[in-house]
$ cat model12.pdb   # PDB, C-alpha atoms
MODEL        1
ATOM      1  CA  MET A   4       8.637 -12.118  -9.791
ATOM      2  CA  ASP A   5       7.645  -9.281 -12.136
ATOM      3  CA  PHE A   6       4.185  -8.916 -13.644
ATOM      4  CA  GLU A   7       2.415  -6.487 -15.937
ATOM      5  CA  LEU A   8      -0.738  -4.446 -15.307
ATOM      6  CA  PHE A   9      -2.224  -1.978 -17.796
ATOM      7  CA  GLY A  10       1.003  -2.102 -19.766
ATOM      8  CA  GLN A  11       3.041  -1.222 -16.662
ATOM      9  CA  LYS A  12       5.751  -3.557 -15.434
ATOM     10  CA  ILE A  13       5.609  -4.040 -11.687
ATOM     11  CA  GLY A  14       8.788  -5.545 -10.344
ATOM     12  CA  ARG A  15      12.271  -5.067  -8.969
ATOM     13  CA  ASP A  16      13.917  -2.978 -11.672
ATOM     14  CA  ARG A  17      11.758   0.147 -11.697
ATOM     15  CA  LEU A  18      10.339   2.238  -8.874
ATOM     16  CA  PHE A  19       6.549   2.091  -8.636
ATOM     17  CA  LEU A  20       3.880   3.792  -6.551
ATOM     18  CA  ILE A  21       0.891   2.386  -4.718
ATOM     19  CA  GLY A  22      -1.114   5.418  -3.666
ATOM     20  CA  GLY A  23      -4.496   6.896  -2.883
ATOM     21  CA  PRO A  24      -6.728   7.924   0.015
ATOM     22  CA  CYS A  25      -6.869   5.498   2.938
ATOM     23  CA  VAL A  26     -10.573   4.824   2.487
ATOM     24  CA  ILE A  27     -13.193   5.833  -0.047
ATOM     25  CA  GLU A  28     -14.866   8.911   1.429
ATOM     26  CA  SER A  29     -16.494  10.201  -1.754
ATOM     27  CA  GLU A  30     -16.194   9.780  -5.494
ATOM     28  CA  GLU A  31     -14.932  13.358  -5.783
ATOM     29  CA  ILE A  32     -11.957  12.851  -3.479
ATOM     30  CA  ALA A  33     -11.114   9.462  -4.976
ATOM     31  CA  PHE A  34     -11.226  10.860  -8.522
ATOM     32  CA  GLU A  35      -9.136  13.898  -7.595
ATOM     33  CA  VAL A  36      -6.402  11.774  -6.036
ATOM     34  CA  ALA A  37      -6.415   9.193  -8.823
ATOM     35  CA  GLY A  38      -6.156  11.823 -11.530
ATOM     36  CA  PHE A  39      -3.374  13.760  -9.805
ATOM     37  CA  LEU A  40      -1.265  10.693  -9.062
ATOM     38  CA  LYS A  41      -1.712   9.225 -12.526
ATOM     39  CA  GLU A  42      -0.603  12.476 -14.154
ATOM     40  CA  THR A  43       2.364  12.829 -11.803
ATOM     41  CA  CYS A  44       3.543   9.248 -12.281
ATOM     42  CA  ALA A  45       3.150   9.492 -16.055
ATOM     43  CA  ARG A  46       5.371  12.574 -16.045
ATOM     44  CA  LEU A  47       7.966  10.792 -13.912
ATOM     45  CA  GLN A  48       7.607   7.584 -15.953
ATOM     46  CA  ILE A  49       6.895   5.342 -12.983
ATOM     47  CA  PRO A  50       4.102   2.751 -12.766
ATOM     48  CA  PHE A  51       1.107   3.756 -10.646
ATOM     49  CA  ILE A  52      -1.366   1.547  -8.788
ATOM     50  CA  PHE A  53      -4.387   3.233  -7.205
ATOM     51  CA  LYS A  54      -5.187   2.175  -3.642
ATOM     52  CA  SER A  55      -8.215   2.850  -1.492
ATOM     53  CA  SER A  56     -10.351   0.714   0.809
ATOM     54  CA  TYR A  57     -14.063   0.023   0.573
ATOM     55  CA  ASP A  58     -14.018  -1.041   4.226
ATOM     56  CA  LYS A  59     -11.497  -0.474   7.006
ATOM     57  CA  ALA A  60     -12.301  -3.436   9.207
ATOM     58  CA  ASN A  61      -9.529  -2.645  11.687
ATOM     59  CA  ARG A  62     -10.349   0.634  13.422
ATOM     60  CA  THR A  63      -9.542   1.760  16.957
ATOM     61  CA  SER A  64     -13.180   2.558  17.756
ATOM     62  CA  GLY A  65     -16.290   0.745  16.620
ATOM     63  CA  LYS A  66     -17.784   4.160  15.834
ATOM     64  CA  SER A  67     -15.014   5.173  13.407
ATOM     65  CA  TYR A  68     -15.825   5.629   9.711
ATOM     66  CA  ARG A  69     -15.119   2.397   7.855
ATOM     67  CA  GLY A  70     -16.030   3.222   4.265
ATOM     68  CA  PRO A  71     -18.983   2.794   1.902
ATOM     69  CA  GLY A  72     -18.980  -0.997   2.102
ATOM     70  CA  LEU A  73     -18.278  -3.762  -0.388
ATOM     71  CA  GLU A  74     -20.838  -3.111  -3.131
ATOM     72  CA  LYS A  75     -20.670   0.691  -3.262
ATOM     73  CA  GLY A  76     -16.921   0.720  -2.745
ATOM     74  CA  LEU A  77     -16.230  -1.711  -5.554
ATOM     75  CA  ASN A  78     -18.424   0.364  -7.868
ATOM     76  CA  VAL A  79     -16.249   3.418  -7.161
ATOM     77  CA  LEU A  80     -13.040   1.446  -7.672
ATOM     78  CA  ALA A  81     -14.347  -0.012 -10.936
ATOM     79  CA  THR A  82     -15.175   3.491 -12.167
ATOM     80  CA  ILE A  83     -11.654   4.702 -11.335
ATOM     81  CA  ARG A  84     -10.168   1.693 -13.106
ATOM     82  CA  ASP A  85     -12.182   2.388 -16.257
ATOM     83  CA  ARG A  86     -11.943   6.184 -16.246
ATOM     84  CA  TYR A  87      -8.244   6.575 -15.458
ATOM     85  CA  LYS A  88      -6.996   3.273 -16.914
ATOM     86  CA  VAL A  89      -5.002   2.421 -13.797
ATOM     87  CA  PRO A  90      -4.729  -0.849 -11.859
ATOM     88  CA  ILE A  91      -6.584  -1.076  -8.560
ATOM     89  CA  LEU A  92      -5.343  -2.412  -5.215
ATOM     90  CA  THR A  93      -7.610  -2.834  -2.207
ATOM     91  CA  ASP A  94      -7.762  -4.784   1.060
ATOM     92  CA  VAL A  95      -9.568  -8.061   1.602
ATOM     93  CA  HIS A  96     -10.396  -9.144   5.139
ATOM     94  CA  THR A  97     -12.164 -12.505   4.852
ATOM     95  CA  PRO A  98     -12.062 -15.383   2.342
ATOM     96  CA  SER A  99     -15.671 -14.631   1.355
ATOM     97  CA  GLU A 100     -14.678 -11.145   0.156
ATOM     98  CA  VAL A 101     -11.940 -12.398  -2.147
ATOM     99  CA  GLU A 102     -14.054 -13.546  -5.105
ATOM    100  CA  PRO A 103     -16.161 -10.383  -5.568
ATOM    101  CA  VAL A 104     -13.174  -8.113  -4.947
ATOM    102  CA  SER A 105     -11.052 -10.012  -7.469
ATOM    103  CA  GLN A 106     -13.618  -9.124 -10.156
ATOM    104  CA  VAL A 107     -12.589  -5.451  -9.790
ATOM    105  CA  ALA A 108      -9.167  -5.260  -8.125
ATOM    106  CA  ASP A 109      -5.989  -6.030 -10.018
ATOM    107  CA  ILE A 110      -4.023  -6.624  -6.801
ATOM    108  CA  LEU A 111      -5.438  -8.054  -3.577
ATOM    109  CA  GLN A 112      -3.941  -6.695  -0.381
ATOM    110  CA  ILE A 113      -3.689  -8.624   2.868
ATOM    111  CA  PRO A 114      -3.750  -6.166   5.802
ATOM    112  CA  ALA A 115      -0.896  -6.385   8.293
ATOM    113  CA  PHE A 116      -2.940  -7.798  11.157
ATOM    114  CA  LEU A 117      -4.134 -10.615   8.860
ATOM    115  CA  ALA A 118      -0.747 -11.560   7.402
ATOM    116  CA  ARG A 119      -0.824 -15.016   9.013
ATOM    117  CA  GLN A 120      -4.447 -15.878   8.212
ATOM    118  CA  THR A 121      -3.933 -19.066   6.221
ATOM    119  CA  ASP A 122      -7.413 -19.315   4.685
ATOM    120  CA  LEU A 123      -7.337 -15.694   3.562
ATOM    121  CA  LEU A 124      -3.883 -16.038   2.004
ATOM    122  CA  ALA A 125      -4.920 -19.223   0.230
ATOM    123  CA  ALA A 126      -8.128 -17.689  -1.114
ATOM    124  CA  ALA A 127      -6.284 -14.623  -2.401
ATOM    125  CA  GLY A 128      -3.550 -16.712  -3.966
ATOM    126  CA  ALA A 129      -6.055 -19.006  -5.674
ATOM    127  CA  THR A 130      -7.462 -16.107  -7.711
ATOM    128  CA  GLY A 131      -4.206 -15.861  -9.617
ATOM    129  CA  LYS A 132      -4.217 -12.124  -9.018
ATOM    130  CA  PRO A 133      -1.084 -10.472  -7.591
ATOM    131  CA  VAL A 134      -1.167 -10.449  -3.789
ATOM    132  CA  ASN A 135       0.412  -7.724  -1.671
ATOM    133  CA  VAL A 136       1.011  -8.856   1.889
ATOM    134  CA  LYS A 137       1.739  -6.248   4.506
ATOM    135  CA  LYS A 138       4.203  -7.568   7.063
ATOM    136  CA  ALA A 139       2.467  -7.639  10.418
ATOM    137  CA  GLN A 140       3.735  -5.318  13.119
ATOM    138  CA  PHE A 141       4.433  -8.402  15.249
ATOM    139  CA  LEU A 142       6.389 -10.382  12.621
ATOM    140  CA  SER A 143      10.062 -10.313  11.796
ATOM    141  CA  PRO A 144      10.926  -9.943   8.102
ATOM    142  CA  ARG A 145      12.209 -13.514   8.045
ATOM    143  CA  ASP A 146       8.790 -14.736   9.196
ATOM    144  CA  MET A 147       7.416 -13.655   5.820
ATOM    145  CA  GLY A 148       8.985 -16.761   4.300
ATOM    146  CA  GLU A 149       6.158 -18.893   5.677
ATOM    147  CA  VAL A 150       3.593 -16.357   4.486
ATOM    148  CA  ILE A 151       5.026 -16.602   0.986
ATOM    149  CA  LYS A 152       4.817 -20.405   1.073
ATOM    150  CA  LYS A 153       1.087 -20.274   1.795
ATOM    151  CA  ILE A 154       0.488 -18.225  -1.350
ATOM    152  CA  ARG A 155       2.914 -20.194  -3.513
ATOM    153  CA  GLU A 156       1.136 -23.422  -2.586
ATOM    154  CA  THR A 157      -1.815 -22.132  -4.645
ATOM    155  CA  GLY A 158       0.460 -21.895  -7.680
ATOM    156  CA  ASN A 159       0.569 -18.103  -7.498
ATOM    157  CA  GLU A 160       4.006 -16.481  -7.747
ATOM    158  CA  ARG A 161       2.810 -12.899  -8.202
ATOM    159  CA  ILE A 162       3.609 -11.622  -4.734
ATOM    160  CA  LEU A 163       4.518  -8.253  -3.216
ATOM    161  CA  LEU A 164       5.802  -7.789   0.332
ATOM    162  CA  THR A 165       5.245  -4.541   2.209
ATOM    163  CA  GLU A 166       7.142  -3.186   5.198
ATOM    164  CA  ARG A 167       5.020  -0.965   7.447
ATOM    165  CA  GLY A 168       6.946  -0.771  10.704
ATOM    166  CA  ALA A 169       7.060  -2.879  13.844
ATOM    167  CA  GLN A 170       5.337  -2.334  17.165
ATOM    168  CA  PHE A 171       7.641  -0.499  19.554
ATOM    169  CA  GLY A 172       6.254   0.077  22.999
ATOM    170  CA  TYR A 173       2.852   1.684  23.407
ATOM    171  CA  ASN A 174       1.242   3.641  20.533
ATOM    172  CA  ASN A 175       4.407   3.694  18.475
ATOM    173  CA  LEU A 176       6.032   2.007  15.498
ATOM    174  CA  VAL A 177       9.654   1.835  14.425
ATOM    175  CA  VAL A 178      11.106   0.929  11.025
ATOM    176  CA  ASP A 179      14.154  -1.301  10.777
ATOM    177  CA  MET A 180      15.472  -0.646   7.272
ATOM    178  CA  ARG A 181      17.262  -4.002   7.327
ATOM    179  CA  SER A 182      13.822  -5.513   6.847
ATOM    180  CA  ILE A 183      13.770  -4.343   3.221
ATOM    181  CA  GLY A 184      16.919  -6.231   2.302
ATOM    182  CA  ILE A 185      15.897  -9.314   4.267
ATOM    183  CA  MET A 186      12.536  -9.544   2.502
ATOM    184  CA  ALA A 187      14.130  -8.759  -0.877
ATOM    185  CA  ASP A 188      16.161 -11.942  -0.468
ATOM    186  CA  PHE A 189      12.956 -13.916  -1.016
ATOM    187  CA  GLY A 190      13.036 -12.733  -4.634
ATOM    188  CA  TYR A 191       9.851 -10.672  -4.723
ATOM    189  CA  PRO A 192       9.375  -6.901  -4.987
ATOM    190  CA  VAL A 193       9.448  -5.121  -1.636
ATOM    191  CA  VAL A 194       7.266  -2.089  -0.988
ATOM    192  CA  PHE A 195       7.716   0.457   1.770
ATOM    193  CA  ASP A 196       4.544   1.830   3.339
ATOM    194  CA  ALA A 197       5.719   5.336   4.150
ATOM    195  CA  THR A 198       2.491   6.588   5.692
ATOM    196  CA  HIS A 199       1.458   3.706   7.958
ATOM    197  CA  SER A 200       5.033   3.528   9.225
ATOM    198  CA  VAL A 201       4.566   6.916  10.899
ATOM    199  CA  GLN A 202       1.227   5.954  12.433
ATOM    200  CA  LEU A 203       0.777   6.079  16.198
ATOM    201  CA  PRO A 204      -1.744   3.254  16.761
ATOM    202  CA  GLY A 205      -4.541   4.226  19.113
ATOM    203  CA  ALA A 206      -2.626   7.286  20.300
ATOM    204  CA  GLN A 207      -5.667   9.573  20.208
ATOM    205  CA  GLY A 208      -7.799   7.311  22.352
ATOM    206  CA  THR A 209     -10.610   6.584  19.899
ATOM    207  CA  SER A 210      -8.388   6.831  16.819
ATOM    208  CA  SER A 211      -4.781   6.509  15.742
ATOM    209  CA  GLY A 212      -2.421   9.436  15.551
ATOM    210  CA  GLY A 213       0.533   9.937  13.259
ATOM    211  CA  GLU A 214       3.622  11.974  12.519
ATOM    212  CA  ARG A 215       3.149  13.097   8.945
ATOM    213  CA  ARG A 216       6.353  15.141   8.951
ATOM    214  CA  PHE A 217       8.425  11.938   8.857
ATOM    215  CA  VAL A 218       6.771  10.436   5.758
ATOM    216  CA  ALA A 219       9.204  11.941   3.259
ATOM    217  CA  SER A 220      12.384  11.172   5.192
ATOM    218  CA  LEU A 221      11.418   7.554   5.816
ATOM    219  CA  ALA A 222      10.357   7.069   2.186
ATOM    220  CA  ARG A 223      13.701   8.382   0.968
ATOM    221  CA  ALA A 224      15.582   6.179   3.428
ATOM    222  CA  ALA A 225      13.617   3.109   2.324
ATOM    223  CA  VAL A 226      14.302   3.663  -1.366
ATOM    224  CA  ALA A 227      17.966   4.187  -0.548
ATOM    225  CA  ALA A 228      17.832   0.895   1.381
ATOM    226  CA  GLY A 229      16.542  -0.933  -1.689
ATOM    227  CA  ALA A 230      12.738  -0.721  -1.686
ATOM    228  CA  HIS A 231      11.305  -1.366  -5.145
ATOM    229  CA  GLY A 232       8.012   0.433  -4.571
ATOM    230  CA  VAL A 233       6.482   2.937  -2.188
ATOM    231  CA  PHE A 234       3.007   2.903  -0.660
ATOM    232  CA  ILE A 235       1.683   6.362   0.159
ATOM    233  CA  GLU A 236      -1.771   7.239   1.413
ATOM    234  CA  THR A 237      -2.562  10.790   0.398
ATOM    235  CA  HIS A 238      -5.490  13.166   0.704
ATOM    236  CA  PRO A 239      -6.259  16.723  -0.490
ATOM    237  CA  GLU A 240      -6.927  17.793   3.111
ATOM    238  CA  PRO A 241      -5.462  15.204   5.507
ATOM    239  CA  ASP A 242      -6.641  17.035   8.616
ATOM    240  CA  LYS A 243     -10.224  16.512   7.444
ATOM    241  CA  ALA A 244      -9.744  12.905   6.329
ATOM    242  CA  LEU A 245     -12.131  10.367   7.829
ATOM    243  CA  CYS A 246      -9.393   7.759   8.257
ATOM    244  CA  ASP A 247      -5.632   7.936   8.958
ATOM    245  CA  GLY A 248      -5.460  11.681   8.383
ATOM    246  CA  PRO A 249      -2.567  12.301  10.825
ATOM    247  CA  ASN A 250      -0.257   9.994   8.887
ATOM    248  CA  SER A 251      -1.500  10.752   5.344
ATOM    249  CA  LEU A 252       0.572  12.888   2.985
ATOM    250  CA  ARG A 253      -0.988  16.091   1.694
ATOM    251  CA  LEU A 254      -1.743  15.502  -1.996
ATOM    252  CA  GLU A 255      -0.002  18.671  -3.170
ATOM    253  CA  HIS A 256       3.253  17.423  -1.614
ATOM    254  CA  ALA A 257       3.218  14.061  -3.406
ATOM    255  CA  ALA A 258       4.835  15.228  -6.649
ATOM    256  CA  LYS A 259       7.925  16.721  -4.996
ATOM    257  CA  LEU A 260       8.423  13.612  -2.868
ATOM    258  CA  LEU A 261       8.093  11.276  -5.835
ATOM    259  CA  GLU A 262      10.588  13.328  -7.830
ATOM    260  CA  SER A 263      13.173  12.880  -5.080
ATOM    261  CA  LEU A 264      12.419   9.158  -4.773
ATOM    262  CA  VAL A 265      12.993   8.638  -8.493
ATOM    263  CA  GLN A 266      16.372  10.342  -8.224
ATOM    264  CA  ILE A 267      17.390   8.204  -5.241
ATOM    265  CA  TYR A 268      16.200   5.028  -6.949
ATOM    266  CA  GLU A 269      18.264   5.811 -10.042
ATOM    267  CA  ILE A 270      21.387   6.373  -7.927
ATOM    268  CA  VAL A 271      20.866   3.109  -6.025
ATOM    269  CA  THR A 272      20.286   1.207  -9.287
ATOM    270  CA  LYS A 273      23.412   2.616 -10.902
ATOM    271  CA  THR A 274      25.613   1.688  -7.951
ATOM    272  CA  GLY A 275      24.184  -1.817  -7.874
ATOM    273  CA  GLU A 276      23.751  -1.737  -4.121
TER     274      GLU A 276
ENDMDL
END
$ encode --input "model12.pdb" --output "structure tokens"
Amino acid sequence: MDFELFGQKIGRDRLFLIGGPCVIESEEIAFEVAGFLKETCARLQIPFIFKSSYDKANRTSGKSYRGPGLEKGLNVLATIRDRYKVPILTDVHTPSEVEPVSQVADILQIPAFLARQTDLLAAAGATGKPVNVKKAQFLSPRDMGEVIKKIRETGNERILLTERGAQFGYNNLVVDMRSIGIMADFGYPVVFDATHSVQLPGAQGTSSGGERRFVASLARAAVAAGAHGVFIETHPEPDKALCDGPNSLRLEHAAKLLESLVQIYEIVTKTGE
């Protein structure tokens, strides 16, 4: 089901971007990324949703940087929302977080590892805000039908489904592009998470690794396979990022990638496949 945010239609008939740094590291980095992506998407005439996390509750090591926390993080996200006039998407991890986050975020995101948490899904759905559920690495795309039901039972039909790869052996993920079509059959927009799909969970011992060089090729393949939106974590200097740097796209490369994705999307739309 389509919905509108900041005058932008988010749905199945126009490519859209969910993008930003993995976690809020500083206002400066968050503002730089938000401004660049908004300008790029405006030029390409595609809807843009800014994404960053105030807290990364799922980290390999307990000593890893998690973010500024709920209060400070929401203040930064609210500033971005007001300054750049863009919708905000961020993760929620517990039912108690949902209400304060919903006062700032336009879309609530359920992290992959929490995709089956019934109370969290119900709390997010009850806000009436759009809910983006990342398909867990351990779920099949068909399993998302039951996830959808939990949100719909709250009366909320504004749902996004995100493919982010499936666990494949140790410290590796693989993407089955059939997943996009299978989830699209549920009738909701399907997003492809191009950067987490190249993550190597826990591969660096105390942190996850990643294969950034595959981000563009997988994103193009996903759009060709029918994805309606793309999710891209990006950073001005990924090698210095405090979270998910190895799988984050360098900010200066985002424009070229998005240009190619728009072209692919238009071809797929014209052919009706």
$ resolve_selection --input "model12.pdb" --expression "the PyMOL selection byres ((chain A and resi 54-71) around 9)" --output "ChimeraX atom specification"
/A:21-29,33,37,52-53,72-77,79-80,90-96,114,116,204-205,208-211,234-236,245-246
$ closest_residue --input "model12.pdb" --among "A:Ile113, A:Glu156, A:Ala108, A:His199" --to "Ala129 of chain A" --atoms "only C-alpha atoms"
A:Glu156
$ atom_distance --input "model12.pdb" --atom1 "atom CA of Pro144 of chain A" --atom2 "atom CA of Met180 of chain A"
10.4 Å
$ resolve_selection --input "model12.pdb" --expression "the PyMOL selection byres ((chain A and resi 150) around 9)" --output "ChimeraX atom specification"
/A:118-121,124,136,146-149,151-155
$ closest_residue --input "model12.pdb" --among "A:Ser220, A:Asn135, A:Gln140, A:Thr237" --to "Tyr191 of chain A" --atoms "all atoms listed in the file"
A:Asn135
$ residues_around --input "model12.pdb" --residues "Ile185 of chain A" --least-positions-apart "4" --cutoff "8 Å" --atoms "all atoms listed in the file" --output "list in words"
Pro144, Arg145, Arg181 and Phe189 of chain A
$ resolve_selection --input "model12.pdb" --expression "the PyMOL selection byres ((chain A and resi 260) around 12)" --output "PyMOL selection string"
chain A and resi 20+40+43-44+47+197+217-223+226+233+235+237+252-259+261-267
$ atom_distance --input "model12.pdb" --atom1 "atom CA of Pro192 of chain A" --atom2 "atom CA of His231 of chain A"
5.9 Å
$ atom_distance --input "model12.pdb" --atom1 "atom CA of Asn78 of chain A" --atom2 "atom CA of Phe9 of chain A"
19.1 Å
$ residues_around --input "model12.pdb" --residues "Ala169 of chain A" --least-positions-apart "3" --cutoff "8 Å" --atoms "all atoms listed in the file" --output "VMD selection string"
chain A and resid 139 to 142 176 to 179
$ axis_aligned_box --input "model12.pdb" --around "segment 151-158 of chain A" --padding-each-side "4 Å" --output "AutoDock Vina command-line options"
--center_x 1.6 --center_y -20.0 --center_z -2.9 --size_x 14.8 --size_y 14.8 --size_z 17.5
